[in-house]
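Okay, final.tsv is below, TSV, C-alpha atoms:
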chain	number	residue	atom	x	y	z
A	1063	MET	CA	-56.68	-87.18	-51.57
A	1064	GLY	CA	-53.49	-87.01	-53.59
A	1065	LYS	CA	-50.92	-84.30	-53.14
A	1066	GLY	CA	-51.20	-81.65	-55.90
A	1067	LYS	CA	-48.53	-79.52	-57.51
A	1068	ALA	CA	-46.94	-76.71	-55.52
A	1069	GLU	CA	-48.54	-73.32	-56.01
A	1070	VAL	CA	-46.75	-70.79	-58.15
A	1071	GLY	CA	-44.41	-68.59	-56.10
A	1072	THR	CA	-44.13	-70.88	-53.10
A	1073	PRO	CA	-40.69	-72.11	-51.88
A	1074	LYS	CA	-41.59	-75.66	-52.97
A	1075	TYR	CA	-42.43	-74.45	-56.48
A	1076	LEU	CA	-39.12	-72.54	-56.75
A	1077	ALA	CA	-37.17	-75.58	-55.46
A	1078	ASN	CA	-38.78	-77.83	-58.09
A	1079	LYS	CA	-37.97	-75.30	-60.82
A	1080	MET	CA	-34.32	-75.11	-59.75
A	1081	LYS	CA	-34.04	-78.89	-59.73
A	1082	ALA	CA	-35.61	-79.17	-63.19
A	1083	LYS	CA	-33.36	-76.49	-64.70
A	1084	GLY	CA	-30.68	-77.76	-67.09
A	1085	LEU	CA	-30.03	-81.26	-68.41
A	1086	GLN	CA	-30.93	-84.31	-66.36
A	1087	LYS	CA	-29.52	-87.82	-66.57
A	1088	LEU	CA	-30.22	-89.49	-69.88
A	1089	ARG	CA	-31.04	-92.89	-68.36
A	1090	TRP	CA	-34.03	-91.36	-66.54
A	1091	TYR	CA	-35.56	-89.95	-69.74
A	1092	CYS	CA	-38.47	-91.63	-71.55
A	1093	GLN	CA	-38.49	-90.72	-75.25
A	1094	MET	CA	-41.89	-92.25	-75.99
A	1095	CYS	CA	-43.58	-90.13	-73.33
A	1096	GLU	CA	-41.03	-87.26	-73.66
A	1097	LYS	CA	-40.75	-87.17	-69.88
A	1098	GLN	CA	-37.59	-86.47	-67.85
A	1099	CYS	CA	-37.44	-87.99	-64.35
A	1100	ARG	CA	-35.15	-86.57	-61.67
A	1101	ASP	CA	-34.11	-89.84	-60.00
A	1102	GLU	CA	-34.31	-93.60	-60.31
A	1103	ASN	CA	-37.39	-93.89	-58.12
A	1104	GLY	CA	-39.28	-91.35	-60.23
A	1105	PHE	CA	-38.32	-93.16	-63.43
A	1106	LYS	CA	-39.45	-96.50	-61.96
A	1107	CYS	CA	-42.83	-95.02	-61.00
A	1108	HIS	CA	-43.17	-93.60	-64.50
A	1109	THR	CA	-42.49	-96.93	-66.22
A	1110	MET	CA	-45.24	-98.53	-64.11
A	1111	SER	CA	-47.78	-95.84	-64.99
A	1112	GLU	CA	-50.73	-96.58	-67.26
A	1113	SER	CA	-49.85	-93.85	-69.78
A	1114	HIS	CA	-46.34	-95.26	-70.25
A	1115	GLN	CA	-47.70	-98.77	-70.74
A	1116	ARG	CA	-50.01	-97.50	-73.50
A	1117	GLN	CA	-47.07	-95.86	-75.29
A	1118	ILE	CA	-45.01	-99.04	-75.02
A	1119	LEU	CA	-47.85	-101.05	-76.61
A	1120	LEU	CA	-48.00	-98.57	-79.49
A	1121	PHE	CA	-44.23	-98.85	-79.92
A	1122	ALA	CA	-44.36	-102.65	-79.93
A	1123	ASP	CA	-46.88	-102.68	-82.78
A	1124	ASN	CA	-44.54	-100.80	-85.16
A	1125	ALA	CA	-41.11	-100.32	-83.62
A	1126	GLY	CA	-39.36	-99.64	-86.96
A	1127	ARG	CA	-41.62	-96.72	-87.82
A	1128	PHE	CA	-41.00	-95.04	-84.48
A	1129	ILE	CA	-37.21	-95.51	-84.66
A	1130	ASP	CA	-37.08	-94.20	-88.24
A	1131	GLY	CA	-39.14	-91.18	-87.21
A	1132	PHE	CA	-36.88	-90.44	-84.24
A	1133	SER	CA	-33.77	-90.91	-86.43
A	1134	SER	CA	-35.11	-88.54	-89.07
A	1135	GLU	CA	-35.94	-85.90	-86.47
A	1136	PHE	CA	-32.49	-86.20	-84.87
A	1137	LEU	CA	-30.79	-85.93	-88.30
A	1138	THR	CA	-32.81	-82.83	-89.23
A	1139	GLY	CA	-32.08	-81.07	-85.94
A	1140	TYR	CA	-28.36	-81.88	-86.06
A	1141	LEU	CA	-27.95	-80.69	-89.65
A	1142	GLN	CA	-29.87	-77.47	-88.90
A	1143	ILE	CA	-27.42	-76.63	-86.10
A	1144	LEU	CA	-24.48	-77.49	-88.36
A	1145	ARG	CA	-25.76	-75.43	-91.31
A	1146	ARG	CA	-26.89	-72.35	-89.37
A	1147	GLN	CA	-24.08	-72.00	-86.84
A	1148	PHE	CA	-21.05	-73.38	-88.68
A	1149	GLY	CA	-21.94	-73.28	-92.40
A	1150	THR	CA	-19.39	-75.06	-94.59
A	1151	LYS	CA	-16.54	-74.71	-92.06
A	1152	ARG	CA	-14.70	-77.79	-90.76
A	1153	VAL	CA	-15.80	-78.40	-87.17
A	1154	ALA	CA	-15.60	-81.13	-84.53
A	1155	ALA	CA	-18.67	-83.38	-84.62
A	1156	ASN	CA	-18.87	-83.42	-80.82
A	1157	LYS	CA	-18.99	-79.60	-80.70
A	1158	VAL	CA	-22.06	-79.60	-82.94
A	1159	TYR	CA	-23.61	-82.33	-80.77
A	1160	GLN	CA	-23.07	-80.27	-77.59
A	1161	GLU	CA	-24.84	-77.34	-79.25
A	1162	TYR	CA	-27.70	-79.66	-80.23
A	1163	ILE	CA	-28.26	-81.14	-76.74
A	1164	ALA	CA	-28.15	-77.69	-75.13
A	1165	ASP	CA	-31.87	-77.57	-75.82
A	1166	ARG	CA	-33.67	-79.44	-73.02
A	1167	HIS	CA	-36.34	-80.70	-75.39
A	1168	HIS	CA	-33.96	-82.22	-77.95
A	1169	LEU	CA	-34.45	-85.74	-79.26
A	1170	HIS	CA	-32.01	-88.12	-77.57
A	1171	MET	CA	-29.64	-90.25	-79.62
A	1172	ASN	CA	-30.43	-93.46	-77.71
A	1173	ALA	CA	-33.89	-93.37	-79.33
A	1174	THR	CA	-32.40	-93.46	-82.86
A	1175	LYS	CA	-30.84	-96.22	-84.95
A	1176	TRP	CA	-27.32	-94.95	-84.22
A	1177	HIS	CA	-25.60	-96.35	-81.14
A	1178	SER	CA	-22.91	-93.67	-80.93
A	1179	LEU	CA	-21.90	-90.32	-82.37
A	1180	SER	CA	-19.18	-92.04	-84.44
A	1181	ASP	CA	-21.77	-94.23	-86.16
A	1182	PHE	CA	-23.88	-91.15	-86.86
A	1183	VAL	CA	-20.92	-89.23	-88.37
A	1184	LYS	CA	-20.06	-92.22	-90.59
A	1185	TYR	CA	-23.68	-92.24	-91.77
A	1186	LEU	CA	-23.42	-88.54	-92.65
A	1187	GLY	CA	-20.29	-89.22	-94.70
A	1188	ARG	CA	-21.72	-92.24	-96.51
A	1189	ASN	CA	-24.89	-90.41	-97.55
A	1190	GLY	CA	-23.16	-87.24	-98.74
A	1191	HIS	CA	-24.50	-84.88	-96.07
A	1192	CYS	CA	-20.99	-84.00	-94.88
A	1193	VAL	CA	-17.34	-84.67	-95.53
A	1194	ALA	CA	-16.20	-86.64	-92.47
A	1195	ASP	CA	-12.59	-87.29	-91.43
A	1196	GLU	CA	-11.19	-88.90	-88.30
A	1197	THR	CA	-8.20	-87.40	-86.47
A	1198	ASP	CA	-6.41	-87.90	-83.16
A	1199	LYS	CA	-8.79	-85.33	-81.67
A	1200	GLY	CA	-11.90	-87.16	-82.85
A	1201	TRP	CA	-14.26	-86.85	-85.79
A	1202	PHE	CA	-14.46	-83.63	-87.82
A	1203	ILE	CA	-17.17	-82.81	-90.35
A	1204	THR	CA	-17.68	-80.26	-93.14
A	1205	TYR	CA	-21.23	-79.54	-94.27
A	1206	ILE	CA	-21.98	-79.96	-98.00
A	1207	ASP	CA	-24.50	-77.26	-98.86
A	1208	ARG	CA	-26.86	-78.45	-101.61
A	1209	ASP	CA	-29.70	-76.06	-100.89
A	1210	PRO	CA	-31.37	-75.00	-104.20
A	1211	GLU	CA	-31.14	-71.30	-103.33
A	1212	THR	CA	-27.44	-71.62	-102.46
A	1213	LEU	CA	-26.72	-73.57	-105.65
A	1214	ALA	CA	-28.61	-70.97	-107.71
A	1215	MET	CA	-26.61	-68.17	-106.08
A	1216	GLN	CA	-23.34	-70.00	-106.73
A	1217	GLU	CA	-24.35	-70.54	-110.35
A	1218	LYS	CA	-25.11	-66.82	-110.77
A	1219	MET	CA	-21.75	-65.92	-109.24
A	1220	ALA	CA	-19.99	-68.37	-111.56
A	1221	LYS	CA	-21.77	-66.89	-114.60
A	1222	LYS	CA	-20.83	-63.36	-113.54
A	1223	GLN	CA	-17.18	-64.36	-113.06
A	1224	LYS	CA	-17.23	-66.12	-116.43
A	1225	MET	CA	-18.62	-63.00	-118.15
A	1226	ASP	CA	-15.99	-60.80	-116.51
A	1227	LYS	CA	-13.31	-63.29	-117.51
A	1228	ASP	CA	-14.60	-63.48	-121.07
A	1229	ASP	CA	-14.50	-59.69	-121.39
A	1230	ALA	CA	-10.94	-59.59	-120.09
A	1231	GLU	CA	-9.89	-62.41	-122.41
A	1232	ARG	CA	-11.49	-60.70	-125.42
A	1233	LEU	CA	-9.60	-57.51	-124.61
A	1234	ALA	CA	-6.33	-59.44	-124.23
A	1235	GLU	CA	-6.89	-61.28	-127.52
A	1236	PHE	CA	-7.67	-57.97	-129.27
A	1237	ILE	CA	-4.43	-56.45	-127.96
A	1238	GLU	CA	-2.42	-59.53	-129.01
A	1239	GLU	CA	-3.97	-59.38	-132.49
A	1240	GLN	CA	-3.05	-55.69	-132.84
A	1241	VAL	CA	0.53	-56.40	-131.71
A	1242	ARG	CA	0.81	-59.30	-134.17
A	1243	ARG	CA	-0.49	-57.17	-137.05
A	1244	GLY	CA	1.92	-54.40	-136.16
A	1245	LYS	CA	4.85	-56.82	-136.27
A	1246	ASN	CA	3.70	-58.21	-139.63
A	1247	ASP	CA	3.45	-54.66	-141.08
A	1248	GLN	CA	6.98	-53.84	-139.94
A	1249	GLU	CA	8.65	-56.98	-141.35
A	1250	PRO	CA	8.66	-56.06	-145.13
A	1251	GLY	CA	10.23	-52.64	-144.60
A	1252	SER	CA	12.67	-53.65	-141.92
A	1253	SER	CA	15.47	-54.24	-144.48
A	1254	GLY	CA	14.98	-50.87	-146.21
A	1255	TYR	CA	16.47	-48.66	-143.49
A	1256	SER	CA	19.34	-49.11	-141.07
A	1257	GLU	CA	20.86	-47.00	-138.39
A	1258	LEU	CA	23.86	-44.90	-139.39
A	1259	LYS	CA	26.79	-45.80	-137.13
A	1260	ARG	CA	30.48	-44.95	-137.10
A	1261	GLU	CA	32.97	-47.79	-137.05
A	1262	HIS	CA	35.51	-45.60	-135.24
A	1263	GLU	CA	34.88	-42.59	-133.03
A	1264	GLU	CA	37.34	-40.32	-134.90
A	1265	GLU	CA	36.12	-41.37	-138.33
A	1266	THR	CA	34.36	-38.73	-140.38
A	1267	ILE	CA	31.30	-39.69	-142.38
A	1268	LYS	CA	31.47	-38.93	-146.10
A	1269	ILE	CA	28.52	-39.13	-148.48
A	1270	ASP	CA	29.29	-39.32	-152.20
A	1271	LEU	CA	26.11	-38.66	-154.15
A	1272	LYS	CA	27.78	-38.44	-157.61
A	1273	LEU	CA	25.08	-36.24	-159.02
A	1274	THR	CA	25.14	-35.41	-162.74
A	1275	GLY	CA	23.86	-32.30	-164.37
A	1276	LYS	CA	20.46	-33.64	-165.45
A	1277	LEU	CA	18.17	-35.69	-163.30
A	1278	PRO	CA	16.36	-37.54	-166.15
A	1279	GLN	CA	19.70	-39.07	-167.27
A	1280	GLN	CA	20.22	-40.43	-163.74
A	1281	THR	CA	16.91	-42.23	-163.57
A	1282	ALA	CA	17.18	-43.93	-166.96
A	1283	PRO	CA	19.93	-46.44	-166.05
A	1284	VAL	CA	18.15	-47.28	-162.82
A	1285	VAL	CA	15.03	-48.35	-164.73
A	1286	ALA	CA	17.09	-50.47	-167.12
A	1287	ILE	CA	18.74	-52.54	-164.35
A	1288	LYS	CA	17.24	-56.00	-164.05
A	1289	ARG	CA	15.96	-57.24	-160.72
A	1290	PRO	CA	17.65	-60.32	-159.20
A	1291	PHE	CA	14.55	-62.40	-159.95
A	1292	ASP	CA	14.79	-61.54	-163.72
A	1293	LEU	CA	18.39	-62.80	-163.84
A	1294	LEU	CA	17.31	-66.30	-162.87
A	1295	ASP	CA	16.68	-68.91	-165.54
A	1296	ASP	CA	13.21	-70.44	-166.06
A	1297	SER	CA	13.81	-73.56	-163.93
A	1298	LYS	CA	14.91	-71.49	-160.95
A	1299	LYS	CA	11.93	-69.20	-161.39
A	1300	GLU	CA	9.54	-72.15	-161.20
A	1301	LYS	CA	11.20	-73.37	-158.01
A	1302	LYS	CA	10.92	-69.89	-156.52
A	1303	ILE	CA	7.22	-69.68	-157.38
A	1304	LYS	CA	6.54	-73.14	-155.91
A	1305	SER	CA	8.35	-72.29	-152.69
A	1306	SER	CA	6.31	-69.09	-152.31
A	1307	GLN	CA	3.10	-71.10	-152.84
A	1308	GLY	CA	4.22	-73.60	-150.21
A	1309	SER	CA	4.79	-70.82	-147.68
A	1310	GLY	CA	1.25	-69.57	-148.37
A	1311	ASP	CA	-0.15	-73.04	-147.60
A	1312	ASN	CA	1.73	-73.09	-144.29
A	1313	LYS	CA	0.15	-69.76	-143.36
A	1314	LYS	CA	-3.31	-71.17	-144.10
A	1315	LEU	CA	-2.62	-74.19	-141.90
A	1316	THR	CA	-1.51	-71.90	-139.08
A	1317	VAL	CA	-4.79	-69.97	-139.28
A	1318	LEU	CA	-6.71	-73.27	-139.26
A	1319	ASP	CA	-4.79	-74.39	-136.18
A	1320	GLU	CA	-5.68	-71.13	-134.45
A	1321	LEU	CA	-9.36	-71.64	-135.24
A	1322	ILE	CA	-9.22	-75.20	-133.89
A	1323	LYS	CA	-7.50	-73.96	-130.76
A	1324	GLU	CA	-10.16	-71.29	-130.17
A	1325	GLU	CA	-12.92	-73.87	-130.67
A	1326	GLU	CA	-11.28	-76.23	-128.14
A	1327	GLN	CA	-11.00	-73.41	-125.60
A	1328	LYS	CA	-14.74	-72.67	-125.97
A	1329	LYS	CA	-15.58	-76.36	-125.51
A	1330	GLU	CA	-13.32	-76.50	-122.46
A	1331	LYS	CA	-15.18	-73.59	-120.82
A	1332	ASN	CA	-18.64	-74.95	-121.62
A	1333	ASN	CA	-17.94	-78.54	-120.52
A	1334	ARG	CA	-15.89	-77.83	-117.38
A	1335	LYS	CA	-18.12	-78.72	-114.38
A	1336	ASP	CA	-17.63	-79.26	-110.64
A	1337	TYR	CA	-19.08	-82.77	-110.86
A	1338	TRP	CA	-17.49	-85.62	-112.81
A	1339	LEU	CA	-19.08	-88.96	-111.82
A	1340	ALA	CA	-20.22	-91.26	-114.64
A	1341	GLU	CA	-21.53	-94.81	-114.81
A	1342	GLY	CA	-19.11	-97.54	-115.87
A	1343	ILE	CA	-15.86	-95.93	-114.70
A	1344	VAL	CA	-13.41	-97.40	-112.17
A	1345	VAL	CA	-12.75	-95.26	-109.08
A	1346	LYS	CA	-10.75	-95.53	-105.85
A	1347	LEU	CA	-12.01	-94.82	-102.31
A	1348	ILE	CA	-9.75	-92.28	-100.55
A	1349	THR	CA	-11.55	-91.88	-97.21
A	1350	ARG	CA	-11.16	-93.76	-93.95
A	1351	SER	CA	-14.58	-92.69	-92.68
A	1352	LEU	CA	-16.16	-95.85	-94.09
A	1353	GLY	CA	-13.63	-98.06	-92.29
A	1354	GLU	CA	-10.05	-99.12	-92.89
A	1355	LYS	CA	-11.10	-102.16	-94.92
A	1356	TYR	CA	-12.53	-99.90	-97.65
A	1357	TYR	CA	-9.61	-97.45	-97.78
A	1358	LYS	CA	-7.83	-97.45	-101.19
A	1359	GLU	CA	-10.28	-100.08	-102.51
A	1360	LYS	CA	-11.26	-99.88	-106.18
A	1361	GLY	CA	-14.78	-100.20	-107.52
A	1362	VAL	CA	-16.98	-99.48	-110.50
A	1363	VAL	CA	-19.69	-96.81	-110.53
A	1364	VAL	CA	-23.02	-98.53	-111.19
A	1365	GLU	CA	-25.36	-95.59	-110.55
A	1366	VAL	CA	-25.09	-91.79	-110.08
A	1367	PHE	CA	-27.39	-89.80	-107.76
A	1368	GLU	CA	-27.87	-86.01	-107.91
A	1369	LYS	CA	-24.62	-85.60	-109.93
A	1370	TYR	CA	-22.42	-85.69	-106.80
A	1371	ARG	CA	-23.10	-89.13	-105.29
A	1372	ALA	CA	-22.68	-92.61	-106.70
A	1373	LYS	CA	-23.34	-96.24	-105.88
A	1374	VAL	CA	-19.98	-98.03	-106.13
A	1375	LYS	CA	-19.59	-101.80	-106.43
A	1376	LEU	CA	-16.24	-102.95	-105.04
A	1377	LEU	CA	-14.23	-105.07	-107.47
A	1378	GLU	CA	-12.87	-107.53	-104.87
A	1379	THR	CA	-15.80	-108.17	-102.53
A	1380	GLY	CA	-18.76	-107.08	-104.67
A	1381	GLU	CA	-20.15	-104.90	-101.86
A	1382	LYS	CA	-22.14	-101.80	-102.85
A	1383	LEU	CA	-21.62	-98.43	-101.15
A	1384	LYS	CA	-23.15	-94.99	-101.58
A	1385	VAL	CA	-20.28	-92.50	-101.66
A	1386	ASP	CA	-19.87	-88.78	-102.32
A	1387	GLN	CA	-17.50	-87.78	-105.12
A	1388	ALA	CA	-15.31	-85.98	-102.55
A	1389	HIS	CA	-14.36	-89.44	-101.20
A	1390	LEU	CA	-13.38	-90.82	-104.62
A	1391	GLU	CA	-10.57	-90.34	-107.13
A	1392	THR	CA	-10.06	-91.44	-110.71
A	1393	VAL	CA	-7.98	-94.46	-111.76
A	1394	ILE	CA	-5.34	-94.18	-114.52
A	1395	PRO	CA	-4.96	-97.46	-116.50
A	1396	ALA	CA	-1.95	-98.77	-118.45
A	1397	VAL	CA	-1.04	-97.26	-121.83
A	1398	GLY	CA	-3.25	-98.63	-124.59
A	1399	LYS	CA	-6.31	-99.19	-122.38
A	1400	GLN	CA	-9.70	-97.55	-122.83
A	1401	ILE	CA	-10.62	-94.53	-120.71
A	1402	PHE	CA	-13.60	-92.21	-120.35
A	1403	VAL	CA	-13.22	-88.41	-120.42
A	1404	LEU	CA	-15.03	-87.00	-117.36
A	1405	ASN	CA	-14.41	-83.26	-117.67
A	1406	GLY	CA	-13.22	-80.57	-120.08
A	1407	GLY	CA	-13.69	-80.04	-123.80
A	1408	TYR	CA	-14.03	-83.74	-124.66
A	1409	ARG	CA	-16.33	-84.63	-121.73
A	1410	GLY	CA	-18.36	-87.77	-122.43
A	1411	CYS	CA	-15.99	-89.19	-125.09
A	1412	THR	CA	-14.40	-92.62	-125.03
A	1413	ALA	CA	-10.66	-92.58	-125.72
A	1414	VAL	CA	-7.48	-94.67	-125.66
A	1415	LEU	CA	-4.58	-93.81	-123.36
A	1416	LYS	CA	-1.47	-93.15	-125.46
A	1417	ALA	CA	1.11	-91.72	-123.02
A	1418	ILE	CA	1.51	-90.67	-119.38
A	1419	ASN	CA	3.47	-87.56	-118.31
A	1420	THR	CA	4.31	-88.06	-114.63
A	1421	GLU	CA	6.06	-84.69	-114.32
A	1422	ARG	CA	2.99	-82.68	-115.36
A	1423	TYR	CA	0.44	-85.16	-113.92
A	1424	SER	CA	-1.19	-85.35	-117.32
A	1425	VAL	CA	-1.79	-87.85	-120.13
A	1426	THR	CA	-2.08	-87.97	-123.92
A	1427	ILE	CA	-5.22	-89.60	-125.30
A	1428	GLU	CA	-6.70	-90.50	-128.68
A	1429	ILE	CA	-10.44	-89.95	-129.10
A	1430	ALA	CA	-12.08	-93.28	-130.01
A	1431	SER	CA	-15.71	-92.26	-130.56
A	1432	GLY	CA	-17.80	-89.53	-132.16
A	1433	PRO	CA	-16.99	-87.14	-135.01
A	1434	LEU	CA	-13.56	-86.35	-133.50
A	1435	LYS	CA	-12.44	-89.98	-133.65
A	1436	GLY	CA	-8.68	-90.29	-134.11
A	1437	ARG	CA	-7.78	-86.86	-132.71
A	1438	LEU	CA	-4.80	-86.79	-130.32
A	1439	VAL	CA	-5.23	-84.62	-127.22
A	1440	SER	CA	-2.29	-83.91	-124.91
A	1441	ASN	CA	-1.92	-82.38	-121.43
A	1442	VAL	CA	-5.16	-83.89	-120.12
A	1443	ALA	CA	-5.17	-83.81	-116.29
A	1444	TYR	CA	-5.33	-87.06	-114.30
A	1445	GLU	CA	-8.62	-86.08	-112.66
A	1446	ASP	CA	-10.31	-85.47	-116.03
A	1447	ILE	CA	-10.18	-89.14	-117.12
A	1448	SER	CA	-10.72	-92.55	-115.56
A	1449	LYS	CA	-10.40	-96.20	-116.52
A	1450	LEU	CA	-13.43	-97.82	-118.16
A	1451	PHE	CA	-14.71	-101.04	-116.62
A	1452	VAL	CA	-14.67	-103.74	-119.31

Here is the file; what I need is its structure written in the form of structure tokens.
Amino acid sequence: MGKGKAEVGTPKYLANKMKAKGLQKLRWYCQMCEKQCRDENGFKCHTMSESHQRQILLFADNAGRFIDGFSSEFLTGYLQILRRQFGTKRVAANKVYQEYIADRHHLHMNATKWHSLSDFVKYLGRNGHCVADETDKGWFITYIDRDPETLAMQEKMAKKQKMDKDDAERLAEFIEEQVRRGKNDQEPGSSGYSELKREHEEETIKIDLKLTGKLPQQTAPVVAIKRPFDLLDDSKKEKKIKSSQGSGDNKKLTVLDELIKEEEQKKEKNNRKDYWLAEGIVVKLITRSLGEKYYKEKGVVVEVFEKYRAKVKLLETGEKLKVDQAHLETVIPAVGKQIFVLNGGYRGCTAVLKAINTERYSVTIEIASGPLKGRLVSNVAYEDISKLFV
């Protein structure tokens, strides 16, 4: 008759509970059976048991399915810890792992497709789950929250801020318009009056009105005096009229420029997004998380996933990588080359690079497609354009 389990409350039962408390050695854990053995002899007996042999036969029939399932479960559990406890803060990957394995019933990493925590962190960075960076103190990760509820909340906050900003801008524009109108109203009469000042402190001010006895006789000569414009000959008058017409045309052009400027500002607000990836552009990898051999390598975007991730084909080796936009930067070509506008008022337009301003980190471009073809646009930021792959 075999020996049964110790009864509840007995010293043997309490001793077994104390031994089983906490984490045991990983090499004596069987993931298929989810059984933790306390020593090498116990693990050996378990591997020879009939139940374990049945599980091993099931695993042998479809090993890939089991490993993928374990990997998916480990990934889900790790990301849940990261999202709930640390949010979008930058944290050491090992600290999150220690929190994960604190649960005795966690899924062990040696049952997954990743051989080490470093490989797992690199996988997170490549697939856009986190922003991963390696330091002297180890790997650090920052969670990228793409939960629909969070994105919806962020969008609502952005709309609210935009509405508040629009109201403030409208008020500022209204005040500027009132100030401008006030200045324009004051300009014609500014020459009519001047401040009365003494040239010397001791000088007395004398006013000689030279009034005559009858007021009507005083006003008659004033009416008869010709204005300076009437003294001009006909040729000079024509020139004067033409010059006044020319100044009117300049005012009309200024108003037109203001309307164009307002329209460009509206387009800039509507087309400014937090994602900028587009197919066919040349980009540069700026992360070391994928390995030193890929750092600073250039490639062309062949496909975009979920707005923030892209499949990049390296120009030198032809390898294809899935990378988050946080690990990429735009490429500025030589003057005269074609570029693609990725953000701002002219988003989605093809253009030609005309000049580069290194002091302001901006460029001047000429729109090469669409109804705005031929328009020159200056002060376009480096990150708003990228070289087109031809």

Which of A:Gly1353, A:Glu1231, A:Glu1320, A:Val1366 sits closest to Asp1181 in chain A [using all atoms listed in the file]:
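Residue with the minimum atom-to-atom distance to Asp1181 in chain A: A:Gly1353.
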
Please write as a list in words the list of polymer residues whose atoms come within 9 Å of (-10.3, -94.1, -122.6), counting only C-alpha atoms and keeping to the coordinates of the file.
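Those residues, ordered by chain and then number, are Pro1395, Gly1398, Lys1399, Gln1400, Ile1401, Phe1402, Val1403, Cys1411, Thr1412, Ala1413, Val1414, Leu1415, Ile1427, Glu1428, Ile1429, Ala1430, Ile1447, Ser1448, Lys1449 and Leu1450 of chain A.
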
Range 1331-1345 of chain A environment, 10 Å, only C-alpha atoms, sequence neighbours closer than 5 positions dropped, as a ChimeraX atom specification:
/A:1224,1326,1358-1377,1386-1395,1401-1410,1445-1452

Only C-alpha atoms, please: the residues just picked out, written as a tab-separated table (two decimals), in the frame of the given file.
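Saved result, again.tsv, follows:
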chain	number	residue	atom	x	y	z
A	1224	LYS	CA	-17.23	-66.12	-116.43
A	1326	GLU	CA	-11.28	-76.23	-128.14
A	1358	LYS	CA	-7.83	-97.45	-101.19
A	1359	GLU	CA	-10.28	-100.08	-102.51
A	1360	LYS	CA	-11.26	-99.88	-106.18
A	1361	GLY	CA	-14.78	-100.20	-107.52
A	1362	VAL	CA	-16.98	-99.48	-110.50
A	1363	VAL	CA	-19.69	-96.81	-110.53
A	1364	VAL	CA	-23.02	-98.53	-111.19
A	1365	GLU	CA	-25.36	-95.59	-110.55
A	1366	VAL	CA	-25.09	-91.79	-110.08
A	1367	PHE	CA	-27.39	-89.80	-107.76
A	1368	GLU	CA	-27.87	-86.01	-107.91
A	1369	LYS	CA	-24.62	-85.60	-109.93
A	1370	TYR	CA	-22.42	-85.69	-106.80
A	1371	ARG	CA	-23.10	-89.13	-105.29
A	1372	ALA	CA	-22.68	-92.61	-106.70
A	1373	LYS	CA	-23.34	-96.24	-105.88
A	1374	VAL	CA	-19.98	-98.03	-106.13
A	1375	LYS	CA	-19.59	-101.80	-106.43
A	1376	LEU	CA	-16.24	-102.95	-105.04
A	1377	LEU	CA	-14.23	-105.07	-107.47
A	1386	ASP	CA	-19.87	-88.78	-102.32
A	1387	GLN	CA	-17.50	-87.78	-105.12
A	1388	ALA	CA	-15.31	-85.98	-102.55
A	1389	HIS	CA	-14.36	-89.44	-101.20
A	1390	LEU	CA	-13.38	-90.82	-104.62
A	1391	GLU	CA	-10.57	-90.34	-107.13
A	1392	THR	CA	-10.06	-91.44	-110.71
A	1393	VAL	CA	-7.98	-94.46	-111.76
A	1394	ILE	CA	-5.34	-94.18	-114.52
A	1395	PRO	CA	-4.96	-97.46	-116.50
A	1401	ILE	CA	-10.62	-94.53	-120.71
A	1402	PHE	CA	-13.60	-92.21	-120.35
A	1403	VAL	CA	-13.22	-88.41	-120.42
A	1404	LEU	CA	-15.03	-87.00	-117.36
A	1405	ASN	CA	-14.41	-83.26	-117.67
A	1406	GLY	CA	-13.22	-80.57	-120.08
A	1407	GLY	CA	-13.69	-80.04	-123.80
A	1408	TYR	CA	-14.03	-83.74	-124.66
A	1409	ARG	CA	-16.33	-84.63	-121.73
A	1410	GLY	CA	-18.36	-87.77	-122.43
A	1445	GLU	CA	-8.62	-86.08	-112.66
A	1446	ASP	CA	-10.31	-85.47	-116.03
A	1447	ILE	CA	-10.18	-89.14	-117.12
A	1448	SER	CA	-10.72	-92.55	-115.56
A	1449	LYS	CA	-10.40	-96.20	-116.52
A	1450	LEU	CA	-13.43	-97.82	-118.16
A	1451	PHE	CA	-14.71	-101.04	-116.62
A	1452	VAL	CA	-14.67	-103.74	-119.31

Got a sec: who's within 6 Å of range 1169-1175 of chain A, counting all atoms listed in the file, leaving out chain neighbours fewer than 2 positions off, as a PyMOL selection string?
chain A and resi 1129+1132-1133+1136

Can you work out which one of A:Ala1122, A:Glu1235, A:Ser1351, A:Thr1379 has the shortest atom-to-atom distance to Phe1202 in chain A, counting only C-alpha atoms?
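The answer is A:Ser1351, which sits nearest to Phe1202 in chain A.
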